[in-house]
Structures are given as structure tokens and as C-alpha cells.
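Next comes final_26.txt, with compact mmCIF, C-alpha atoms.
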# COMPACT_ATOMS: atom_id res chain seq x y z
CA MET X 1 45.32 6.62 93.13
CA THR X 2 44.64 6.34 89.40
CA ILE X 3 41.30 5.20 88.09
CA LYS X 4 41.55 3.15 84.93
CA LYS X 5 38.58 3.86 82.70
CA THR X 6 36.98 0.93 80.90
CA PRO X 7 36.53 1.55 77.15
CA LYS X 8 32.94 2.16 76.11
CA ALA X 9 30.98 -0.54 74.33
CA LEU X 10 29.96 0.28 70.76
CA ILE X 11 26.59 -0.61 69.28
CA ARG X 12 26.28 -0.34 65.50
CA GLY X 13 23.37 -0.56 63.09
CA PHE X 14 21.48 2.71 63.61
CA VAL X 15 20.54 5.11 60.78
CA THR X 16 19.18 8.65 61.07
CA GLY X 17 15.43 8.89 60.67
CA GLU X 18 14.65 5.22 61.32
CA PHE X 19 12.05 4.24 63.90
CA GLY X 20 10.03 1.22 65.05
CA LYS X 21 12.94 -1.26 64.91
CA THR X 22 13.31 -3.24 68.14
CA ASN X 23 16.80 -3.01 69.64
CA THR X 24 18.10 -5.17 72.51
CA ILE X 25 20.98 -4.94 74.96
CA THR X 26 22.01 -7.44 77.62
CA LEU X 27 23.15 -6.05 80.97
CA LYS X 28 26.22 -7.87 82.34
CA ASP X 29 28.77 -7.28 85.07
CA PHE X 30 32.51 -6.92 84.39
CA SER X 31 33.07 -10.68 84.50
CA GLY X 32 30.44 -11.15 81.77
CA THR X 33 27.73 -12.51 84.05
CA VAL X 34 24.21 -11.58 82.95
CA GLN X 35 22.41 -9.46 85.54
CA ASN X 36 18.95 -10.43 86.76
CA VAL X 37 17.05 -7.12 86.59
CA SER X 38 13.54 -8.57 86.88
CA ALA X 39 12.81 -6.58 90.09
CA TYR X 40 12.91 -3.27 88.19
CA THR X 41 9.59 -1.93 86.96
CA GLY X 42 10.66 1.33 85.26
CA LYS X 43 12.74 0.95 82.12
CA GLN X 44 14.23 3.70 79.93
CA VAL X 45 17.01 3.95 77.38
CA ILE X 46 18.45 7.44 77.02
CA PHE X 47 20.58 8.81 74.19
CA ARG X 48 22.61 12.04 73.95
CA SER X 49 23.62 13.49 70.57
CA PRO X 50 27.27 13.82 69.54
CA ASP X 51 27.18 17.59 70.20
CA GLY X 52 25.41 17.10 73.55
CA LYS X 53 22.50 19.35 72.55
CA LYS X 54 19.76 16.73 72.18
CA THR X 55 18.52 13.94 74.44
CA ILE X 56 16.14 11.19 73.33
CA THR X 57 14.39 9.03 75.93
CA CYS X 58 12.91 5.70 74.82
CA THR X 59 10.60 3.52 76.86
CA GLY X 60 12.26 0.20 77.55
CA ALA X 61 10.84 -3.27 78.11
CA PHE X 62 12.18 -6.66 79.08
CA ALA X 63 12.73 -9.08 76.22
CA THR X 64 11.45 -11.86 78.50
CA ASP X 65 11.05 -11.36 82.26
CA GLY X 66 14.30 -9.49 83.01
CA SER X 67 16.08 -12.46 84.57
CA ASP X 68 18.21 -12.69 81.41
CA GLY X 69 19.28 -9.02 81.64
CA MET X 70 17.82 -8.22 78.22
CA VAL X 71 16.24 -4.78 77.76
CA THR X 72 14.57 -3.75 74.49
CA TRP X 73 13.54 -0.38 73.06
CA SER X 74 12.46 1.25 69.80
CA MET X 75 12.92 4.79 68.53
CA SER X 76 9.57 6.55 68.07
CA SER X 77 8.53 8.29 64.85
CA GLY X 78 8.50 11.59 66.74
CA ALA X 79 12.02 11.24 68.16
CA PRO X 80 14.41 9.26 65.93
CA PHE X 81 18.14 9.88 65.69
CA ASP X 82 18.30 13.08 63.65
CA ARG X 83 22.02 13.34 62.95
CA PRO X 84 24.84 10.90 62.25
CA GLY X 85 27.72 10.33 64.64
CA LEU X 86 28.44 8.64 67.96
CA TRP X 87 25.49 9.07 70.27
CA GLU X 88 25.95 8.10 73.92
CA GLY X 89 23.41 5.66 75.38
CA GLN X 90 22.49 4.52 78.86
CA CYS X 91 19.89 2.16 80.29
CA VAL X 92 18.08 3.38 83.41
CA LEU X 93 16.02 0.92 85.47
CA THR X 94 13.97 1.94 88.50
CA ALA X 95 12.04 0.26 91.29
CA THR X 96 10.80 1.42 94.68
CA ASN X 97 13.71 3.14 96.45
CA LYS X 98 16.34 2.08 93.88
CA GLU X 99 17.73 3.03 90.50
CA LEU X 100 20.20 1.16 88.32
CA ARG X 101 22.14 2.93 85.56
CA SER X 102 24.26 1.02 83.07
CA TYR X 103 27.65 2.24 82.02
CA VAL X 104 27.42 4.64 79.08
CA TRP X 105 27.94 3.13 75.62
CA ASP X 106 28.41 4.62 72.15
CA SER X 107 25.79 4.11 69.45
CA GLU X 108 27.09 4.55 65.90
CA VAL X 109 24.45 6.32 63.82
CA ASP X 110 24.96 6.43 60.06
CA ARG X 111 23.40 8.95 57.68
CA GLU X 112 20.38 8.19 55.55
CA LEU X 113 20.43 8.70 51.79

What does this structure look like when you write it as C-alpha cells?
Amino acid sequence: MTIKKTPKALIRGFVTGEFGKTNTITLKDFSGTVQNVSAYTGKQVIFRSPDGKKTITCTGAFATDGSDGMVTWSMSSGAPFDRPGLWEGQCVLTATNKELRSYVWDSEVDREL
């Protein structure tokens, strides 16, 4: 049996050193249906550097109440992207006795001048 891997999503618009900007993703299934994630109380967005040596964890929040699948986060001043390249990202939602992890996506981080 061969497993066909789905290509990663790509999120653009990040720059090294920036922080405080609110970013939003919408969690959907493979048919494009928005997922109601309102039952989850813990929300994190995790990033891994292109070389795999650094991990940044951001506290997430719902854009509304979670029924629209929208999760927001901001980079903190103490832990922004510190190098350009393709960082991997993943949303992790938790509730009592359950954890939901999104598929991993790529975040394109450009250099600052």
C-alpha cells in the first residue's frame, strides 16, 4: 500500500524580527469544510526553524468562538522568527482527554533589512 502525501499549505507574509502582528488560520477538513473547534480550551501554534534547531510556541486564541475554525496568534517580542526560510507550523488544540493537531504547514519567513 502506498500512502500519497498531501502537499503542505504555505503561509506567506512573515519577516524576521517582527512581533505583535495578529495572524489567523482557518482549520478545515480535506473537503474544505470548516471545523468547529469551540470545545477546545487549550490553543497553541508551534513553529520549527528551517534547520530544526529552534522551536517557538505561541499562545493561540479563537478569532470568535471557535465554531468558525479560526485560530489566531502573535509572535512575542521575546521569541520572534530569528532567521529567514521555510519554518514549519502546526496548530495544537487541547481539551479534557483529547488533543487535536493540524497538519503541518510551511511559513515563509523573509529577511529584514

Inset, instruction - Could you check how far CA of Asn97 (chain X) sits from CA of Gln44 (chain X), in Å to one decimal? - result: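 We find that CA of Asn97 (chain X) and CA of Gln44 (chain X) lie 16.5 Å from each other.
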
Inset, instruction - Would you mind telling me which residue in X:Trp87, X:Pro7, X:Thr72, X:Phe14 lies nearest to Phe30 (chain X) when using only C-alpha atoms? - result: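 So, comparing all the options, the nearest one is X:Pro7.
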
Inset, instruction - Grab the CA of Asp82 (chain X) to CA of Ser107 (chain X) distance for me, in Å with one decimal place. - result: 13.0 Å

Inset, instruction - Compare X:Leu113, X:Leu93, X:Met70, X:Ile46 by their minimum atom-to-atom distance to Glu18 (chain X), counting only C-alpha atoms, and give me the closest one. - result: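 Residue with the minimum atom-to-atom distance to Glu18 (chain X): X:Leu113.
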
Inset, instruction - Using only C-alpha atoms, find the one residue out of X:Lys53, X:Lys8, X:Arg48, X:Lys43 that sits nearest to Trp73 (chain X). - result: X:Lys43

Legend entry - Distance criterion (all atoms listed in the file): nearest to Val45 (chain X) out of X:Ala61, X:Ile25, X:Ile11, X:Cys91: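 When distances to Val45 (chain X) are compared using all atoms listed in the file, the smallest one comes from X:Cys91.
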
Inset, instruction - Can you work out which one of X:Glu112, X:Glu99, X:Gly69, X:Gly89 has the shortest atom-to-atom distance to Leu10 (chain X), counting all atoms listed in the file? - result: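 The answer is X:Gly89, which sits nearest to Leu10 (chain X).
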
Legend entry - Atom-to-atom span, CA of Thr33 (chain X) and CA of Thr2 (chain X), Å: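 That distance, rounded to one decimal, is 25.9 Å.
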
Legend entry - Residue nearest Asp51 (chain X) - candidates X:Leu27, X:Leu86, X:Val71, X:Val15, atoms counted: all atoms listed in the file: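 Of X:Leu27, X:Leu86, X:Val71, X:Val15, the one nearest Asp51 (chain X), counting all atoms listed in the file, is X:Leu86.
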
Inset, instruction - Pick out the residues sitting within 9 Å of Thr41 (chain X), and hand them over as a list in words; count all atoms listed in the file, and ignore anything fewer than 6 positions along from it in its own chain. - result: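 Returned residues: Leu93, Thr94, Ala95 and Thr96 of chain X.
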
Selected residues written out, C-alpha atoms, as a PDB file, in the frame of the given file:
ATOM      1  CA  LEU X  93      16.020   0.920  85.470  1.00  0.00           C
ATOM      2  CA  THR X  94      13.970   1.940  88.500  1.00  0.00           C
ATOM      3  CA  ALA X  95      12.040   0.260  91.290  1.00  0.00           C
ATOM      4  CA  THR X  96      10.800   1.420  94.680  1.00  0.00           C
TER       5      THR X  96
END

Residue neighbourhood Arg83 (chain X), 8 Å, all atoms listed in the file, exclusion window fewer than 6 positions, as a PDB file with C-alpha atoms, in the frame of the given file:
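Output saved as out-v6.pdb:
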ATOM      1  CA  THR X  16      19.180   8.650  61.070  1.00  0.00           C
ATOM      2  CA  SER X  49      23.620  13.490  70.570  1.00  0.00           C
ATOM      3  CA  VAL X 109      24.450   6.320  63.820  1.00  0.00           C
ATOM      4  CA  ARG X 111      23.400   8.950  57.680  1.00  0.00           C
TER       5      ARG X 111
END

Once you add 4 Å to each side, what are the centre and edge lengths of the axis-aligned box holding all listed atoms of region 39-46 of chain X? One decimal in Å, as AutoDock Vina command-line options, if you can.
--center_x 14.0 --center_y 0.4 --center_z 83.6 --size_x 16.9 --size_y 22.0 --size_z 21.1

Inset, instruction - Please identify all polymer residues within 10 Å of Ala79 (chain X), counting only C-alpha atoms, omitting same-chain residues fewer than 5 positions from it, and present them as a ChimeraX atom specification. - result: /X:17-19,55-58

Inset, instruction - Quick one: everything within 8 Å of Ala9 (chain X), counting only C-alpha atoms, minus sequence neighbours fewer than 5 positions away in the same chain. Send it as JSON, numbers by chain. - result: {"X": [104, 105, 106]}
